[in-house]
Amino acid sequence: MPDEETRTVNRTPVLRTAPDRPLPTPAQATPSRLGPVLVVGIVLAALNLRPAITSLGALFEETRTGLGMSGTVAGMITSVPALCFAVFGVTAPRLSRRFGPAVVVCAGMVAIAAGLLIRPFANGAVGFLAASALSLAGIALTNVLLPVIVKRYFPDRAGTMIGLYSMSLAAGTSLAAAATVPLTDALGGSWRTGLLVWAVLALLAVLPWLPVARASRRADRARATADPAGPVAPGAGPRVVRSRTAWALACYFGLQATGAYITMGWLPQIFRDAGVSASTAGVLLAVTMVMGVPLAFVIPGLAARMKNQGAIAVTLGVFGLVGYVGLYFAPAAGAWAWALLLGISNCAFPLVITLIGLRAKSPAGVVKLSAFAQSTGYLISIPGPLLIGTLYQHSGGWDLPLALMAGLLLPQIVLGVLAGRDRTIEDECGMGD
């Protein structure tokens, strides 16, 4: 006999943890007049998910010298983002259940702005690291919950909204990488001013989330009053660790993040060692990053219309393989082509964000899958750039590192095919805790 709280609908087991009641509609959770405000909020939030990292990368040498950082501490800073994303991302589901995703995203934007405001005034490495960690904690929460916001409030336009979100994230990444040094020079040349300027963009992003969070809290209180049974139990949702699709998605996320961080950290050096000038190498990296802007809008919409997204994962992986092979045999002669191909390959990020929304049926499932995939994925990505640097140092060239970078794309392609299959984590592991 099945458990009395388990029923079968279309042969899919679903656990009911509370009496039947309709899920909140977008209008219930956020008044229709705030719909455009929410769209603006999503765009501004996405724009702020990488400048804290890429602006520091542009001024890293000046910051390290100005704060008197040792080589060890400087190395820690390069690994802190992925570690913070993994550690703080795990807390997103619990906070979302307690306060609602819109409120947590609002708090995340406040944390990003506060960290960016504080860290330029730090007098030592410890204070700088603490302020950076505050911003990165806000980024981690927002990373996890923005796909949930899209799934909850724009269920019929999820592909378009994920595309808008991904495109804005790519634009923010490229903008901070390209504009930080010119802005620093224009504002007097101080690295502190160059980092501080990005706090303005973060403060702007807080503004639209204040009314959205307030409306969300009012709607939650109204539902709590109308339904004495209370919200769904804290453990509601699938056990993602039992889902093969969840693991495939998490590992795919980790390998694509590894490739992205390796590209951002080492691609200019690869070109410079091949005889390309420093300025041209920087432009080539910008080309690679800019490719993500238009494709980040196209790929989610395309993926949302397909039942199986594995073909997209294969295509992106093949572009990356060709790019790495080209870097191996003719790094300078075909530099522009390899930069373009690797830029296309790095668009696995908008694909994996789209898959998070497609591979779960319920809001609770999306929250859990997003937190699991991103936290596990960022942990997987931590050793990659460090390993590439070690191989480069000990081998004295790029042949071995490039072979490893190309080799990592093979399991990434396989995992993308597995994650792209037309199934959900609820199908695989049912509901419950």
# chains A, B, ... in the order shown; residues from 1 in each chain; ligands from 1
call {"tool": "residues_around", "arguments": {"residues": "segment 96-109 of chain A", "least_positions_apart": "2", "cutoff": "6 Å", "atoms": "only C-alpha atoms", "output": "number ranges by chain"}}
result
A: 92-94, 111-112, 138, 142, 206, 209, 213
call {"tool": "residues_around", "arguments": {"residues": "Ser375 of chain A", "least_positions_apart": "2", "cutoff": "7 Å", "atoms": "only C-alpha atoms", "output": "PyMOL selection string"}}
result
chain A and resi 85-87+89-90+371-373+377-379
call {"tool": "residues_around", "arguments": {"residues": "segment 115-126 of chain A", "least_positions_apart": "4", "cutoff": "9 Å", "atoms": "only C-alpha atoms", "output": "PyMOL selection string"}}
result
chain A and resi 52+64+66-69+73-74+110-111+130-136+138+191-200+202
call {"tool": "write_last_selection", "arguments": {"atoms": "N, CA and C atoms", "output": "PDB file, in the first residue's frame"}}
result
ATOM      1  N   ALA A  52      32.276  42.863  -9.092  1.00  0.00           N
ATOM      2  CA  ALA A  52      33.099  42.769  -7.883  1.00  0.00           C
ATOM      3  C   ALA A  52      34.342  41.936  -8.130  1.00  0.00           C
ATOM      4  N   ARG A  64      47.105  44.695  -4.809  1.00  0.00           N
ATOM      5  CA  ARG A  64      48.034  43.852  -4.044  1.00  0.00           C
ATOM      6  C   ARG A  64      49.183  44.685  -3.487  1.00  0.00           C
ATOM      7  N   GLY A  66      49.196  48.022  -3.065  1.00  0.00           N
ATOM      8  CA  GLY A  66      48.686  49.035  -2.153  1.00  0.00           C
ATOM      9  C   GLY A  66      48.386  48.500  -0.768  1.00  0.00           C
ATOM     10  N   LEU A  67      47.958  47.248  -0.674  1.00  0.00           N
ATOM     11  CA  LEU A  67      47.627  46.650   0.618  1.00  0.00           C
ATOM     12  C   LEU A  67      48.770  45.810   1.179  1.00  0.00           C
ATOM     13  N   GLY A  68      49.870  45.723   0.440  1.00  0.00           N
ATOM     14  CA  GLY A  68      51.010  44.954   0.911  1.00  0.00           C
ATOM     15  C   GLY A  68      50.713  43.478   1.071  1.00  0.00           C
ATOM     16  N   MET A  69      49.952  42.914   0.148  1.00  0.00           N
ATOM     17  CA  MET A  69      49.578  41.497   0.239  1.00  0.00           C
ATOM     18  C   MET A  69      50.763  40.603  -0.107  1.00  0.00           C
ATOM     19  N   VAL A  73      48.443  35.385   0.161  1.00  0.00           N
ATOM     20  CA  VAL A  73      47.153  36.068   0.325  1.00  0.00           C
ATOM     21  C   VAL A  73      46.580  36.445  -1.036  1.00  0.00           C
ATOM     22  N   ALA A  74      47.453  36.923  -1.930  1.00  0.00           N
ATOM     23  CA  ALA A  74      46.982  37.269  -3.274  1.00  0.00           C
ATOM     24  C   ALA A  74      46.415  36.047  -3.979  1.00  0.00           C
ATOM     25  N   VAL A 110      21.865  44.360  -1.291  1.00  0.00           N
ATOM     26  CA  VAL A 110      22.372  45.248  -0.238  1.00  0.00           C
ATOM     27  C   VAL A 110      23.769  44.796   0.196  1.00  0.00           C
ATOM     28  N   ALA A 111      23.960  43.471   0.336  1.00  0.00           N
ATOM     29  CA  ALA A 111      25.271  42.944   0.734  1.00  0.00           C
ATOM     30  C   ALA A 111      26.338  43.250  -0.325  1.00  0.00           C
ATOM     31  N   ALA A 130      37.448  40.494   3.997  1.00  0.00           N
ATOM     32  CA  ALA A 130      36.145  40.429   4.665  1.00  0.00           C
ATOM     33  C   ALA A 130      35.087  41.184   3.868  1.00  0.00           C
ATOM     34  N   ALA A 131      35.429  42.374   3.391  1.00  0.00           N
ATOM     35  CA  ALA A 131      34.478  43.163   2.596  1.00  0.00           C
ATOM     36  C   ALA A 131      34.170  42.463   1.275  1.00  0.00           C
ATOM     37  N   SER A 132      35.199  41.882   0.670  1.00  0.00           N
ATOM     38  CA  SER A 132      34.974  41.140  -0.576  1.00  0.00           C
ATOM     39  C   SER A 132      34.056  39.953  -0.330  1.00  0.00           C
ATOM     40  N   ALA A 133      34.258  39.256   0.798  1.00  0.00           N
ATOM     41  CA  ALA A 133      33.418  38.104   1.121  1.00  0.00           C
ATOM     42  C   ALA A 133      31.967  38.514   1.315  1.00  0.00           C
ATOM     43  N   LEU A 134      31.726  39.710   1.872  1.00  0.00           N
ATOM     44  CA  LEU A 134      30.353  40.201   2.040  1.00  0.00           C
ATOM     45  C   LEU A 134      29.686  40.374   0.675  1.00  0.00           C
ATOM     46  N   SER A 135      30.390  40.997  -0.252  1.00  0.00           N
ATOM     47  CA  SER A 135      29.840  41.151  -1.606  1.00  0.00           C
ATOM     48  C   SER A 135      29.615  39.803  -2.260  1.00  0.00           C
ATOM     49  N   LEU A 136      30.567  38.906  -2.110  1.00  0.00           N
ATOM     50  CA  LEU A 136      30.466  37.592  -2.748  1.00  0.00           C
ATOM     51  C   LEU A 136      29.338  36.755  -2.148  1.00  0.00           C
ATOM     52  N   GLY A 138      26.493  38.028  -1.093  1.00  0.00           N
ATOM     53  CA  GLY A 138      25.302  38.552  -1.771  1.00  0.00           C
ATOM     54  C   GLY A 138      25.188  38.041  -3.187  1.00  0.00           C
ATOM     55  N   TRP A 191      43.570  53.106  -7.306  1.00  0.00           N
ATOM     56  CA  TRP A 191      42.865  51.831  -7.418  1.00  0.00           C
ATOM     57  C   TRP A 191      41.639  51.807  -6.503  1.00  0.00           C
ATOM     58  N   ARG A 192      41.710  52.533  -5.394  1.00  0.00           N
ATOM     59  CA  ARG A 192      40.566  52.582  -4.475  1.00  0.00           C
ATOM     60  C   ARG A 192      39.350  53.221  -5.147  1.00  0.00           C
ATOM     61  N   THR A 193      39.564  54.300  -5.877  1.00  0.00           N
ATOM     62  CA  THR A 193      38.465  54.953  -6.598  1.00  0.00           C
ATOM     63  C   THR A 193      37.951  54.066  -7.717  1.00  0.00           C
ATOM     64  N   GLY A 194      38.877  53.380  -8.384  1.00  0.00           N
ATOM     65  CA  GLY A 194      38.480  52.499  -9.475  1.00  0.00           C
ATOM     66  C   GLY A 194      37.589  51.359  -9.018  1.00  0.00           C
ATOM     67  N   LEU A 195      37.828  50.853  -7.794  1.00  0.00           N
ATOM     68  CA  LEU A 195      36.970  49.797  -7.249  1.00  0.00           C
ATOM     69  C   LEU A 195      35.672  50.379  -6.689  1.00  0.00           C
ATOM     70  N   LEU A 196      35.761  51.561  -6.092  1.00  0.00           N
ATOM     71  CA  LEU A 196      34.592  52.164  -5.448  1.00  0.00           C
ATOM     72  C   LEU A 196      33.488  52.507  -6.443  1.00  0.00           C
ATOM     73  N   VAL A 197      33.857  52.846  -7.668  1.00  0.00           N
ATOM     74  CA  VAL A 197      32.865  53.300  -8.641  1.00  0.00           C
ATOM     75  C   VAL A 197      31.797  52.239  -8.898  1.00  0.00           C
ATOM     76  N   TRP A 198      32.143  50.947  -8.747  1.00  0.00           N
ATOM     77  CA  TRP A 198      31.173  49.890  -9.027  1.00  0.00           C
ATOM     78  C   TRP A 198      30.135  49.750  -7.921  1.00  0.00           C
ATOM     79  N   ALA A 199      30.374  50.382  -6.779  1.00  0.00           N
ATOM     80  CA  ALA A 199      29.357  50.398  -5.732  1.00  0.00           C
ATOM     81  C   ALA A 199      28.136  51.211  -6.158  1.00  0.00           C
ATOM     82  N   VAL A 200      28.343  52.178  -7.038  1.00  0.00           N
ATOM     83  CA  VAL A 200      27.219  53.005  -7.511  1.00  0.00           C
ATOM     84  C   VAL A 200      26.222  52.145  -8.270  1.00  0.00           C
ATOM     85  N   ALA A 202      25.785  48.954  -7.937  1.00  0.00           N
ATOM     86  CA  ALA A 202      25.150  48.049  -6.980  1.00  0.00           C
ATOM     87  C   ALA A 202      24.066  48.758  -6.182  1.00  0.00           C
TER      88      ALA A 202
END
call {"tool": "closest_residue", "arguments": {"among": "A:Leu410, A:Val417, A:Ala215, A:Cys347", "to": "Gln309 of chain A", "atoms": "only C-alpha atoms"}}
result
A:Val417
call {"tool": "closest_residue", "arguments": {"among": "A:Val181, A:Gly163, A:Ser370, A:Ala82", "to": "Pro350 of chain A", "atoms": "only C-alpha atoms"}}
result
A:Gly163
